[in-house]
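Asks: Structure: protein.txt, compact mmCIF, C-alpha atoms and all ligand atoms.
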# COMPACT_ATOMS: atom_id res chain seq x y z
CA MET A 1 15.50 24.17 18.18
CA LYS A 2 16.49 21.87 15.37
CA ILE A 3 14.21 18.98 14.47
CA LEU A 4 14.78 15.96 12.26
CA VAL A 5 11.82 14.12 10.74
CA VAL A 6 12.59 10.68 9.30
CA GLY A 7 10.39 9.75 6.33
CA GLY A 8 9.26 11.31 3.10
CA GLY A 9 5.52 11.07 2.46
CA GLY A 10 2.31 13.03 2.98
CA ARG A 11 2.16 12.00 6.63
CA GLU A 12 5.62 13.43 7.25
CA HIS A 13 4.65 16.64 5.44
CA ALA A 14 1.61 16.97 7.72
CA ILE A 15 3.80 16.39 10.80
CA ILE A 16 6.26 19.02 9.59
CA LYS A 17 3.53 21.61 8.87
CA SER A 18 2.10 21.03 12.33
CA LEU A 19 5.50 21.23 14.08
CA LYS A 20 6.27 24.48 12.24
CA LYS A 21 3.59 26.30 14.23
CA ASN A 22 5.93 26.19 17.25
CA PRO A 23 8.02 29.40 17.21
CA GLN A 24 10.85 27.75 19.15
CA ILE A 25 11.67 25.60 16.16
CA THR A 26 14.28 27.25 13.98
CA GLN A 27 14.91 24.50 11.46
CA ILE A 28 13.33 21.24 10.37
CA PHE A 29 15.27 18.64 8.39
CA ALA A 30 13.55 15.76 6.60
CA ALA A 31 15.36 12.52 5.72
CA PRO A 32 14.74 12.04 2.88
CA GLY A 33 11.61 14.24 2.65
CA ASN A 34 10.54 15.00 -0.91
CA GLY A 35 10.69 17.93 -3.34
CA GLY A 36 7.12 18.92 -2.49
CA MET A 37 7.99 19.80 1.10
CA ALA A 38 11.07 21.86 0.33
CA GLN A 39 9.20 25.04 1.39
CA ASP A 40 8.65 23.61 4.84
CA ALA A 41 11.77 21.58 5.57
CA THR A 42 15.38 21.12 4.51
CA CYS A 43 15.47 17.79 2.72
CA VAL A 44 18.63 15.74 3.20
CA PRO A 45 19.40 12.85 0.83
CA ILE A 46 19.41 10.10 3.45
CA GLY A 47 16.93 7.25 3.14
CA ALA A 48 14.62 6.40 6.05
CA LEU A 49 16.30 3.01 6.40
CA GLU A 50 19.89 4.33 6.44
CA ILE A 51 19.94 4.36 10.21
CA ASP A 52 23.71 4.83 10.63
CA LYS A 53 23.62 7.87 8.37
CA ILE A 54 20.55 9.29 10.14
CA VAL A 55 22.29 9.00 13.50
CA ALA A 56 25.52 10.54 12.15
CA PHE A 57 23.54 13.44 10.62
CA ALA A 58 21.62 14.04 13.86
CA VAL A 59 24.81 14.10 15.94
CA GLU A 60 26.73 16.29 13.50
CA ASN A 61 23.91 18.81 13.18
CA GLN A 62 23.10 18.86 16.89
CA ILE A 63 19.48 17.87 16.38
CA ASP A 64 17.43 18.64 19.49
CA TYR A 65 14.56 16.27 18.76
CA ALA A 66 13.90 13.61 16.14
CA VAL A 67 10.59 12.19 14.90
CA VAL A 68 10.73 8.74 13.31
CA ALA A 69 7.50 8.42 11.33
CA PRO A 70 7.51 5.28 9.10
CA ASP A 71 7.07 1.70 10.29
CA ASP A 72 10.23 0.12 8.88
CA PRO A 73 12.88 2.33 10.53
CA LEU A 74 10.97 1.98 13.81
CA VAL A 75 10.92 -1.82 13.52
CA LEU A 76 14.63 -1.73 12.61
CA GLY A 77 15.55 0.22 15.76
CA CYS A 78 16.03 3.79 14.54
CA VAL A 79 14.76 5.19 17.86
CA ASP A 80 17.10 2.91 19.82
CA ALA A 81 20.09 4.06 17.73
CA LEU A 82 19.27 7.78 18.07
CA THR A 83 18.53 7.48 21.80
CA GLU A 84 21.86 5.73 22.38
CA LYS A 85 23.62 8.81 20.98
CA GLY A 86 21.64 11.11 23.26
CA ILE A 87 19.15 12.37 20.65
CA PRO A 88 15.67 12.40 22.20
CA CYS A 89 13.06 11.10 19.79
CA PHE A 90 9.43 10.38 19.12
CA GLY A 91 8.49 6.79 18.43
CA PRO A 92 8.76 3.35 20.01
CA ARG A 93 11.94 1.33 20.43
CA ALA A 94 12.24 -1.77 18.25
CA ASN A 95 11.10 -4.08 21.03
CA ALA A 96 7.77 -2.20 21.14
CA ALA A 97 7.47 -1.49 17.39
CA ILE A 98 7.08 -5.26 17.02
CA ILE A 99 3.39 -4.66 17.80
CA GLU A 100 3.19 -3.68 14.11
CA GLY A 101 6.26 -5.58 12.89
CA SER A 102 4.81 -9.00 13.69
CA LYS A 103 1.12 -9.81 13.35
CA VAL A 104 1.73 -13.06 15.25
CA PHE A 105 3.18 -11.05 18.15
CA ALA A 106 0.20 -8.66 18.11
CA LYS A 107 -2.37 -11.48 17.99
CA ASP A 108 -0.66 -13.46 20.76
CA LEU A 109 -0.50 -10.30 22.90
CA MET A 110 -4.22 -9.70 22.48
CA LYS A 111 -5.06 -13.31 23.28
CA LYS A 112 -2.86 -13.34 26.39
CA TYR A 113 -4.30 -10.08 27.75
CA ASN A 114 -7.93 -10.55 26.67
CA ILE A 115 -8.00 -7.66 24.23
CA PRO A 116 -10.91 -8.13 21.77
CA THR A 117 -9.79 -9.16 18.29
CA ALA A 118 -10.71 -11.67 15.57
CA GLN A 119 -10.23 -15.38 16.42
CA TYR A 120 -7.07 -16.67 14.74
CA GLU A 121 -4.47 -19.35 14.26
CA ALA A 122 -0.81 -18.67 13.44
CA PHE A 123 1.27 -20.98 11.25
CA ASP A 124 4.90 -21.29 10.27
CA ASN A 125 4.27 -24.55 8.45
CA MET A 126 2.44 -24.40 5.11
CA GLU A 127 0.94 -27.89 5.23
CA ALA A 128 -0.57 -27.16 8.65
CA ALA A 129 -2.03 -23.89 7.36
CA LEU A 130 -3.55 -25.58 4.30
CA ASN A 131 -4.92 -28.33 6.47
CA TYR A 132 -6.56 -25.83 8.82
CA LEU A 133 -8.19 -24.11 5.84
CA GLN A 134 -10.07 -27.32 4.94
CA THR A 135 -12.49 -26.64 7.81
CA ALA A 136 -12.01 -22.92 8.57
CA PRO A 137 -15.13 -20.73 8.28
CA ILE A 138 -15.33 -18.86 4.94
CA PRO A 139 -14.79 -15.98 4.15
CA THR A 140 -11.49 -15.99 5.97
CA VAL A 141 -8.59 -13.57 6.25
CA VAL A 142 -4.97 -14.51 5.51
CA LYS A 143 -2.26 -12.16 6.78
CA ALA A 144 1.50 -12.19 6.28
CA ASP A 145 3.27 -11.93 9.65
CA GLY A 146 5.67 -9.11 8.83
CA LEU A 147 5.56 -5.67 7.18
CA ALA A 148 4.25 -5.86 3.61
CA LEU A 149 3.65 -2.24 2.54
CA GLY A 150 0.05 -2.56 3.65
CA LYS A 151 -0.58 -5.32 1.10
CA GLY A 152 -0.13 -8.42 3.25
CA VAL A 153 -3.84 -8.98 3.96
CA ILE A 154 -6.03 -11.19 1.74
CA ILE A 155 -9.77 -11.45 2.36
CA ALA A 156 -10.55 -14.84 0.82
CA GLN A 157 -14.13 -15.52 -0.30
CA THR A 158 -13.44 -19.18 -1.07
CA ARG A 159 -11.32 -21.98 0.36
CA GLU A 160 -9.31 -22.12 -2.88
CA GLU A 161 -8.53 -18.42 -2.71
CA ALA A 162 -7.39 -18.76 0.91
CA CYS A 163 -5.14 -21.73 0.07
CA GLN A 164 -3.68 -19.80 -2.86
CA ALA A 165 -2.91 -16.83 -0.59
CA VAL A 166 -1.14 -19.14 1.88
CA ARG A 167 0.90 -20.73 -0.93
CA ASP A 168 1.79 -17.33 -2.40
CA MET A 169 3.01 -16.08 0.96
CA MET A 170 4.71 -19.20 2.35
CA GLU A 171 5.99 -20.85 -0.82
CA GLY A 172 5.93 -18.14 -3.51
CA GLY A 173 7.54 -15.60 -1.18
CA VAL A 174 5.47 -12.69 -2.57
CA PHE A 175 6.14 -10.76 0.64
CA GLY A 176 9.66 -12.12 1.19
CA LYS A 177 10.45 -13.07 4.76
CA SER A 178 7.31 -11.25 5.96
CA GLY A 179 5.22 -14.15 4.63
CA SER A 180 7.17 -17.04 6.09
CA ARG A 181 4.64 -17.04 8.93
CA VAL A 182 0.94 -16.35 8.43
CA VAL A 183 -2.06 -15.57 10.57
CA ILE A 184 -5.42 -16.95 9.45
CA GLU A 185 -8.27 -15.15 11.14
CA GLU A 186 -12.00 -14.85 11.47
CA PHE A 187 -13.70 -12.47 9.02
CA LEU A 188 -15.31 -9.61 10.93
CA THR A 189 -17.87 -7.08 9.76
CA GLY A 190 -18.78 -3.57 10.83
CA PRO A 191 -17.65 0.02 10.32
CA GLU A 192 -13.90 0.62 10.59
CA VAL A 193 -12.41 3.36 12.73
CA SER A 194 -8.82 4.53 13.04
CA VAL A 195 -7.76 5.89 16.41
CA LEU A 196 -4.27 7.31 16.83
CA ALA A 197 -3.13 7.85 20.41
CA PHE A 198 -0.17 9.51 22.07
CA THR A 199 1.38 7.50 24.86
CA ASP A 200 4.41 7.82 27.11
CA GLY A 201 4.04 4.22 28.27
CA LYS A 202 1.94 5.21 31.30
CA THR A 203 -0.70 7.65 30.12
CA LEU A 204 -2.57 7.34 26.82
CA LYS A 205 -4.31 10.28 25.16
CA PRO A 206 -6.30 9.46 22.02
CA MET A 207 -6.44 11.86 19.12
CA VAL A 208 -9.62 12.64 17.22
CA SER A 209 -10.91 9.50 15.44
CA SER A 210 -10.83 9.13 11.67
CA MET A 211 -12.06 7.04 8.74
CA ASP A 212 -9.74 5.82 5.97
CA HIS A 213 -10.83 4.89 2.42
CA LYS A 214 -8.52 2.05 1.48
CA ARG A 215 -9.90 0.84 -1.85
CA ALA A 216 -8.83 2.50 -5.07
CA GLY A 217 -12.30 2.97 -6.55
CA ASP A 218 -15.54 4.75 -5.64
CA ASN A 219 -17.98 2.85 -3.41
CA ASP A 220 -15.05 0.88 -1.97
CA THR A 221 -14.32 -1.10 -5.12
CA GLY A 222 -11.00 -2.01 -6.71
CA LEU A 223 -7.63 -2.84 -5.19
CA ASN A 224 -6.47 -2.00 -1.68
CA THR A 225 -4.23 1.07 -1.56
CA GLY A 226 -2.30 2.89 1.15
CA GLY A 227 -5.43 5.05 1.55
CA MET A 228 -7.25 7.35 -0.92
CA GLY A 229 -8.68 9.79 1.58
CA THR A 230 -9.80 10.32 5.16
CA VAL A 231 -12.28 12.19 7.26
CA ALA A 232 -12.20 13.11 10.95
CA PRO A 233 -13.91 12.67 13.29
CA ASN A 234 -15.40 9.26 12.42
CA PRO A 235 -19.18 9.49 13.03
CA TYR A 236 -19.39 5.83 14.10
CA TYR A 237 -17.00 6.51 16.97
CA THR A 238 -19.48 7.82 19.54
CA ASP A 239 -18.55 8.79 23.12
CA ALA A 240 -19.92 5.44 24.32
CA VAL A 241 -17.76 3.52 21.83
CA ALA A 242 -14.76 5.64 22.79
CA ALA A 243 -15.24 4.86 26.48
CA GLU A 244 -15.53 1.14 25.73
CA CYS A 245 -12.39 1.21 23.58
CA MET A 246 -10.45 3.04 26.29
CA GLU A 247 -11.42 0.48 28.92
CA LYS A 248 -11.20 -2.73 26.90
CA ILE A 249 -8.56 -1.97 24.27
CA PHE A 250 -6.39 1.12 24.69
CA LEU A 251 -5.40 0.96 28.36
CA PRO A 252 -5.09 -2.86 28.35
CA THR A 253 -2.73 -2.60 25.35
CA VAL A 254 -0.45 -0.10 27.13
CA ALA A 255 -0.49 -2.29 30.25
CA ALA A 256 0.15 -5.45 28.22
CA MET A 257 3.21 -3.94 26.54
CA ASN A 258 4.55 -2.88 29.95
CA ALA A 259 3.93 -6.34 31.38
CA GLU A 260 5.93 -7.80 28.49
CA GLY A 261 8.83 -5.41 29.21
CA ARG A 262 8.14 -3.61 25.93
CA SER A 263 6.89 -0.21 27.09
CA PHE A 264 5.48 1.66 24.09
CA THR A 265 6.07 5.38 23.60
CA GLY A 266 5.07 7.53 20.63
CA CYS A 267 1.91 7.15 18.55
CA LEU A 268 -0.01 3.91 18.87
CA TYR A 269 -2.51 3.39 16.06
CA PHE A 270 -5.58 1.25 16.66
CA GLY A 271 -7.29 -0.06 13.54
CA LEU A 272 -10.72 -1.00 14.92
CA MET A 273 -13.81 -2.69 13.61
CA LEU A 274 -17.10 -1.95 15.38
CA THR A 275 -18.59 -5.43 15.15
CA PRO A 276 -22.05 -6.49 16.38
CA ASN A 277 -20.14 -7.98 19.35
CA GLY A 278 -18.35 -4.76 20.22
CA PRO A 279 -15.18 -3.01 19.04
CA LYS A 280 -12.33 -5.32 18.02
CA VAL A 281 -8.75 -4.67 16.98
CA ILE A 282 -8.06 -5.32 13.28
CA GLU A 283 -4.48 -4.12 13.47
CA TYR A 284 -2.02 -2.13 15.51
CA ASN A 285 0.44 0.27 13.91
CA CYS A 286 3.42 1.63 15.80
CA ARG A 287 3.18 5.07 14.18
CA PHE A 288 0.96 7.78 12.74
CA GLY A 289 -1.32 6.53 9.94
CA ASP A 290 -1.13 7.81 6.40
CA PRO A 291 -3.46 9.53 5.35
CA GLU A 292 -5.10 9.66 8.83
CA THR A 293 -2.43 12.12 10.00
CA GLN A 294 -3.44 14.52 7.22
CA VAL A 295 -6.89 15.00 8.84
CA VAL A 296 -5.99 14.51 12.50
CA LEU A 297 -3.13 17.00 12.88
CA PRO A 298 -4.95 19.90 11.15
CA LEU A 299 -7.52 19.59 13.97
CA LEU A 300 -4.90 19.62 16.74
CA GLU A 301 -5.04 22.85 18.75
CA SER A 302 -2.30 22.02 21.26
CA ASP A 303 1.39 22.21 20.36
CA LEU A 304 2.59 19.04 18.64
CA LEU A 305 6.23 19.31 19.68
CA THR A 306 5.27 19.75 23.35
CA ILE A 307 3.12 16.62 23.21
CA MET A 308 5.78 14.62 21.40
CA GLN A 309 8.40 15.62 23.94
CA ALA A 310 5.99 14.63 26.73
CA THR A 311 5.80 11.10 25.30
CA THR A 312 9.58 10.90 25.50
CA ASN A 313 9.87 12.49 28.96
CA GLY A 314 7.00 10.59 30.55
CA THR A 315 5.00 13.76 31.25
CA LEU A 316 1.99 13.15 29.02
CA ALA A 317 -0.41 13.11 32.02
CA GLU A 318 0.30 16.82 32.63
CA THR A 319 0.30 17.79 28.94
CA GLU A 320 -2.70 19.16 27.11
CA VAL A 321 -3.87 17.30 24.00
CA ARG A 322 -6.80 19.29 22.64
CA PHE A 323 -8.56 19.02 19.29
CA ALA A 324 -10.86 21.50 17.58
CA ASP A 325 -14.51 20.58 17.60
CA ARG A 326 -14.56 20.75 13.78
CA HIS A 327 -14.34 18.41 10.78
CA ALA A 328 -11.56 17.61 8.33
CA CYS A 329 -11.51 15.85 4.97
CA CYS A 330 -8.40 14.84 3.00
CA VAL A 331 -8.62 13.83 -0.66
CA ILE A 332 -5.65 12.00 -2.13
CA GLN A 333 -4.69 12.50 -5.77
CA ALA A 334 -2.76 9.55 -7.15
CA SER A 335 -1.07 8.71 -10.42
CA LYS A 336 -3.63 7.02 -12.68
CA GLY A 337 -3.09 3.25 -12.44
CA TYR A 338 -2.02 3.22 -8.77
CA PRO A 339 -1.75 0.84 -6.88
CA ALA A 340 -0.68 -1.09 -10.00
CA ALA A 341 1.53 0.36 -12.77
CA TYR A 342 1.48 4.10 -13.48
CA GLU A 343 3.46 6.74 -15.36
CA LYS A 344 5.38 9.45 -13.56
CA GLY A 345 7.35 12.61 -14.32
CA PHE A 346 4.37 14.96 -14.85
CA GLU A 347 4.61 18.52 -13.59
CA ILE A 348 2.54 19.38 -10.50
CA THR A 349 1.14 22.88 -10.06
CA MET A 350 -1.01 24.33 -7.30
CA THR A 351 -2.39 27.69 -6.25
CA PRO A 352 -0.94 29.26 -3.09
CA GLU A 353 -4.26 28.68 -1.32
CA ALA A 354 -4.23 24.96 -2.16
CA ALA A 355 -0.52 24.64 -1.35
CA GLN A 356 -1.21 25.73 2.22
CA CYS A 357 -3.32 22.68 2.93
CA THR A 358 -1.73 20.16 0.53
CA TYR A 359 0.64 17.47 1.75
CA VAL A 360 2.97 16.14 -0.91
CA ALA A 361 4.04 12.48 -1.09
CA GLY A 362 5.16 10.99 -4.44
CA ALA A 363 6.91 13.99 -5.98
CA LYS A 364 10.40 15.30 -6.65
CA LEU A 365 12.08 18.46 -7.90
CA GLU A 366 13.51 18.17 -11.39
CA ASN A 367 15.20 21.22 -12.95
CA GLY A 368 13.32 23.42 -10.52
CA LYS A 369 9.94 21.89 -11.35
CA LEU A 370 7.91 19.67 -9.04
CA VAL A 371 7.03 16.44 -10.88
CA THR A 372 5.16 13.27 -9.95
CA ALA A 373 7.37 10.45 -8.71
CA GLY A 374 5.08 7.99 -6.95
CA GLY A 375 1.62 6.43 -6.64
CA ARG A 376 -0.03 8.69 -4.12
CA VAL A 377 1.08 12.19 -5.09
CA THR A 378 -0.79 14.76 -2.99
CA GLY A 379 -3.34 14.93 -0.19
CA THR A 380 -5.42 18.08 0.18
CA THR A 381 -7.17 18.73 3.48
CA ALA A 382 -9.96 21.13 4.31
CA VAL A 383 -11.19 21.92 7.83
CA ALA A 384 -14.72 23.24 8.37
CA ASP A 385 -17.53 23.39 10.89
CA SER A 386 -19.46 20.56 9.25
CA LEU A 387 -18.36 17.38 7.52
CA GLU A 388 -20.36 18.34 4.44
CA GLU A 389 -18.53 21.63 4.12
CA ALA A 390 -15.12 20.02 4.76
CA ILE A 391 -15.76 17.55 1.92
CA ARG A 392 -16.92 20.27 -0.47
CA GLU A 393 -13.93 22.47 0.37
CA ALA A 394 -11.42 19.61 0.05
CA TYR A 395 -12.67 18.81 -3.46
CA ARG A 396 -12.70 22.48 -4.42
CA LEU A 397 -9.09 22.90 -3.29
CA CYS A 398 -8.11 19.64 -5.01
CA ASP A 399 -9.16 21.18 -8.32
CA ASP A 400 -6.34 23.68 -7.77
CA VAL A 401 -3.71 20.92 -7.45
CA LYS A 402 -3.06 19.81 -11.01
CA PHE A 403 -0.98 17.20 -12.79
CA GLU A 404 -1.49 15.05 -15.85
CA ASN A 405 -2.95 11.60 -15.19
CA ALA A 406 -4.23 12.58 -11.76
CA TYR A 407 -6.74 10.17 -10.27
CA ARG A 408 -8.90 10.59 -7.18
CA ARG A 409 -11.97 9.03 -5.69
CA SER A 410 -15.06 11.18 -5.94
CA ASP A 411 -16.78 9.84 -2.80
CA ILE A 412 -14.39 10.51 0.09
CA GLY A 413 -16.53 11.13 3.17
CA ARG A 414 -19.81 9.96 1.63
CA ARG A 415 -20.10 6.92 3.88
CA ALA A 416 -19.41 9.12 6.91
CA LEU A 417 -22.12 11.55 5.79
CA GLN A 418 -24.61 8.70 5.52
CA ALA A 419 -23.73 7.27 8.95
P1 LIG B 501 -4.67 -4.17 7.43
O1 LIG B 501 -3.60 -4.10 6.37
O2 LIG B 501 -4.37 -5.10 8.54
O3 LIG B 501 -5.15 -2.80 7.82
O4 LIG B 501 -5.94 -4.80 6.70
C1 LIG B 501 -6.44 -4.19 5.54
C2 LIG B 501 -7.93 -4.22 5.58
O5 LIG B 501 -8.38 -5.57 5.54
C3 LIG B 501 -8.56 -3.65 6.84
O6 LIG B 501 -8.67 -2.27 6.81
C4 LIG B 501 -9.90 -4.33 6.83
O7 LIG B 501 -10.78 -3.66 5.95
C5 LIG B 501 -9.60 -5.68 6.24
N1 LIG B 501 -9.47 -6.69 7.30
C6 LIG B 501 -8.36 -7.03 7.99
N2 LIG B 501 -8.63 -7.99 8.89
C7 LIG B 501 -9.94 -8.27 8.77
C8 LIG B 501 -10.84 -9.19 9.43
N3 LIG B 501 -10.42 -10.02 10.39
N4 LIG B 501 -12.13 -9.20 9.03
C9 LIG B 501 -12.56 -8.38 8.06
N5 LIG B 501 -11.78 -7.51 7.40
C10 LIG B 501 -10.48 -7.45 7.75
N1 LIG B 502 -3.87 4.34 6.61
C1 LIG B 502 -3.45 3.12 7.18
C2 LIG B 502 -2.06 3.06 7.60
O1 LIG B 502 -1.36 4.05 7.75
O2 LIG B 502 -1.57 1.95 7.81
Can you present the structure in this file as structure tokens?

Replies:
Amino acid sequence: MKILVVGGGGREHAIIKSLKKNPQITQIFAAPGNGGMAQDATCVPIGALEIDKIVAFAVENQIDYAVVAPDDPLVLGCVDALTEKGIPCFGPRANAAIIEGSKVFAKDLMKKYNIPTAQYEAFDNMEAALNYLQTAPIPTVVKADGLALGKGVIIAQTREEACQAVRDMMEGGVFGKSGSRVVIEEFLTGPEVSVLAFTDGKTLKPMVSSMDHKRAGDNDTGLNTGGMGTVAPNPYYTDAVAAECMEKIFLPTVAAMNAEGRSFTGCLYFGLMLTPNGPKVIEYNCRFGDPETQVVLPLLESDLLTIMQATTNGTLAETEVRFADRHACCVIQASKGYPAAYEKGFEITMTPEAAQCTYVAGAKLENGKLVTAGGRVTGTTAVADSLEEAIREAYRLCDDVKFENAYRRSDIGRRALQA
């Protein structure tokens, strides 16, 4: 079988390494992939947003199954375009990917179907938004409607800060069209949990839960990033919480999307906050999380391709989705300065042992050498019988992945250990 994976980061590398365990797969292409995954996939120089080229490549190369991993091609209809040409694929159609593509859509869906989430108001008029902020409870949360590379959320501690965020988004255009509408919502507190779930639009099977570390600095300080590390499972996500989430959030979301004529297939990501008033949805993503995937898939014992195909064929109910009863920790190494300015072009080296469990993101091959080419460069995952051991092992292996100006947090998993 020939597989095409659309995307080029650490998440895609983790998907590819997991798919590779299936002996029926003879070749995996990545569009565009990156130089750090060249051992595991054939990288083709087609960008994840070049949908016409992706479809032409898939048809020409007789791809048997495609996996569309990033949010933007999903929102732009990559799955629709591939499906139209007879290429089966993993991921939602554009009309369902809107659950991530528009925060206003997601919030309105939750309100209509009674799915617990923060109270909110949506605005497409700046004066009305500013007016609302005169009396809104503080702190408050301002969110750009559309995709914003994970940066479209401002937690405002003061009224002035909230008004500035609204002006930046709606007048300053800092997120382009994504900020022409905003959601202003209630500030919630509690531990955060990420739950990724496979769904074929009828059945939903959650994966092992995880915990992201979004801030750049130790003890959750500094700027928000795409994620500096993850652990799985998330200790706050007990069986009782899981049962409550299934009943009040997961199944109602699948049903709501069906009722709206937007059946969702693929991986539905629930960003949850366990508030004193129960679990609430912070955000939906229409795809695997990054770097959640880098701890979730190493714990998957069932065959990933079989499950993915079941989401496309509508046979997920009969398909086994089993995870090891173990722990995983992923530590991201980034270019010093990320998520702001950073230098790149430094050579990356790793031992064979570390390479086996390292997922490469911001890197490229230059004259046969792997060099840094992005903010988040590598993610190194260890799996062990205890969380403590997984953390220790992940840091040990990280020491064997070297490049100049490497930066990592030193406390990935600490909060989970203290839980
Ligand atoms: P998002 O990009 O939607 O994942 O939001 C980024 C982060 O902002 C989340 O992981 C939360 O830590 C925080 N956040 C988003 N919405 C809220 C909220 N309503 N209350 C408190 N924190 C929030
Ligand atoms: N790690 C959060 C995300 O993938 O959006």

Asks: Can you check which parts of chain A lie within 8 Å of ligand LIG 502 (chain B)? Per residue, the shortest pair of atoms and distance in Å to one decimal, counting only C-alpha atoms and all ligand atoms, sorted by chain and number, as JSON lines.

Replies:
{"residue": "A:Gly150", "atom": "CA", "partner": "B:LIG502", "partner_atom": "O2", "distance": 6.3}
{"residue": "A:Asp212", "atom": "CA", "partner": "B:LIG502", "partner_atom": "N1", "distance": 6.1}
{"residue": "A:Lys214", "atom": "CA", "partner": "B:LIG502", "partner_atom": "N1", "distance": 7.3}
{"residue": "A:Gly226", "atom": "CA", "partner": "B:LIG502", "partner_atom": "N1", "distance": 5.9}
{"residue": "A:Gly227", "atom": "CA", "partner": "B:LIG502", "partner_atom": "N1", "distance": 5.3}
{"residue": "A:Asn285", "atom": "CA", "partner": "B:LIG502", "partner_atom": "O2", "distance": 6.6}
{"residue": "A:Arg287", "atom": "CA", "partner": "B:LIG502", "partner_atom": "O1", "distance": 7.9}
{"residue": "A:Phe288", "atom": "CA", "partner": "B:LIG502", "partner_atom": "O1", "distance": 6.6}
{"residue": "A:Gly289", "atom": "CA", "partner": "B:LIG502", "partner_atom": "O1", "distance": 3.3}
{"residue": "A:Asp290", "atom": "CA", "partner": "B:LIG502", "partner_atom": "O1", "distance": 4.0}
{"residue": "A:Pro291", "atom": "CA", "partner": "B:LIG502", "partner_atom": "N1", "distance": 5.4}
{"residue": "A:Glu292", "atom": "CA", "partner": "B:LIG502", "partner_atom": "N1", "distance": 5.9}

Asks: Considering all atoms listed in the file, tabulate each residue of chain A that lies at most 7 Å from ligand LIG 501 (chain B) along with its nearest interatomic pair and the corresponding distance in Å to one decimal; arrange the rows by chain and ascending residue number and present them as JSON lines.

Replies:
{"residue": "A:Ala118", "atom": "CA", "partner": "B:LIG501", "partner_atom": "N3", "distance": 5.4}
{"residue": "A:Val141", "atom": "CA", "partner": "B:LIG501", "partner_atom": "N3", "distance": 5.8}
{"residue": "A:Gly150", "atom": "CA", "partner": "B:LIG501", "partner_atom": "O1", "distance": 4.8}
{"residue": "A:Lys151", "atom": "CA", "partner": "B:LIG501", "partner_atom": "O1", "distance": 6.2}
{"residue": "A:Gly152", "atom": "CA", "partner": "B:LIG501", "partner_atom": "O1", "distance": 6.4}
{"residue": "A:Val153", "atom": "CA", "partner": "B:LIG501", "partner_atom": "O4", "distance": 5.4}
{"residue": "A:Ile155", "atom": "CA", "partner": "B:LIG501", "partner_atom": "N5", "distance": 6.7}
{"residue": "A:Glu185", "atom": "CA", "partner": "B:LIG501", "partner_atom": "N3", "distance": 5.6}
{"residue": "A:Glu186", "atom": "CA", "partner": "B:LIG501", "partner_atom": "N3", "distance": 5.2}
{"residue": "A:Phe187", "atom": "CA", "partner": "B:LIG501", "partner_atom": "N4", "distance": 3.6}
{"residue": "A:Leu188", "atom": "CA", "partner": "B:LIG501", "partner_atom": "N4", "distance": 3.7}
{"residue": "A:Thr189", "atom": "CA", "partner": "B:LIG501", "partner_atom": "C9", "distance": 5.7}
{"residue": "A:Lys214", "atom": "CA", "partner": "B:LIG501", "partner_atom": "O6", "distance": 6.9}
{"residue": "A:Gly271", "atom": "CA", "partner": "B:LIG501", "partner_atom": "O3", "distance": 6.7}
{"residue": "A:Ile282", "atom": "CA", "partner": "B:LIG501", "partner_atom": "N2", "distance": 5.2}
{"residue": "A:Glu283", "atom": "CA", "partner": "B:LIG501", "partner_atom": "O2", "distance": 5.0}

Asks: Grab the CA of Gly337 (chain A) to CA of Asn405 (chain A) distance for me, in Å with one decimal place.

Replies: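 Rounded to one decimal, the two atoms are 8.8 Å apart.
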
Asks: Quick one: which region 277-393 of chain A residues come within 7 Å of region 30-53 of chain A, and what is the nearest atom pair for each with the distance in Å to one decimal, counting all atoms listed in the file, rows ordered by chain and ascending number, as JSON lines?

Replies:
{"residue": "A:Val360", "atom": "CA", "partner": "A:Gly36", "partner_atom": "CA", "distance": 5.2}
{"residue": "A:Ala361", "atom": "CA", "partner": "A:Asn34", "partner_atom": "CA", "distance": 7.0}
{"residue": "A:Ala363", "atom": "CA", "partner": "A:Gly36", "partner_atom": "CA", "distance": 6.0}
{"residue": "A:Lys364", "atom": "CA", "partner": "A:Gly35", "partner_atom": "CA", "distance": 4.2}
{"residue": "A:Leu365", "atom": "CA", "partner": "A:Gly35", "partner_atom": "CA", "distance": 4.8}
{"residue": "A:Leu370", "atom": "CA", "partner": "A:Gly35", "partner_atom": "CA", "distance": 6.6}

Asks: What is the CA of Phe57 (chain A)-CA of Arg93 (chain A) distance in Å, reported with one decimal?

Replies: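 Between CA of Phe57 (chain A) and CA of Arg93 (chain A) the gap is 19.4 Å.
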
Asks: If I take CA of Ala69 (chain A) and CA of Leu19 (chain A), how far is one from the other in Å, to one decimal?

Replies: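 So the two atoms, CA of Ala69 (chain A) and CA of Leu19 (chain A), lie 13.3 Å apart.
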
Asks: Check the smallest atom-to-atom distance from each of A:Arg392, A:Arg409, A:Lys112, A:Arg262 to Ala328 (chain A) using all atoms listed in the file, then report the winner.

Replies: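 Checking each candidate against Ala328 (chain A), we get A:Arg392 as the closest.
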
Asks: Which is closest to Leu133 (chain A) among A:Ile54, A:Ile115, A:Ile63, A:Glu160, if we use only C-alpha atoms?

Replies: A:Glu160

Asks: Between A:Ser180, A:Gln164, A:Ser209, A:Asn131, which is the closest to Asp145 (chain A) once you count all atoms listed in the file?

Replies: A:Ser180

Asks: Which residue out of A:Val174, A:Ala310, A:Cys89, A:Val193 has the minimum interatomic distance to Val241 (chain A) when all atoms listed in the file are used?

Replies: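 Among the listed residues, the smallest separation from Val241 (chain A) belongs to A:Val193.
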
Asks: Using only C-alpha atoms, what residues lie at most 7 Å away from (2.6, -13.6, 3.6) (file coordinates), given as number ranges by chain?

Replies: A: 143-145, 152, 166, 169-170, 174-175, 178-182
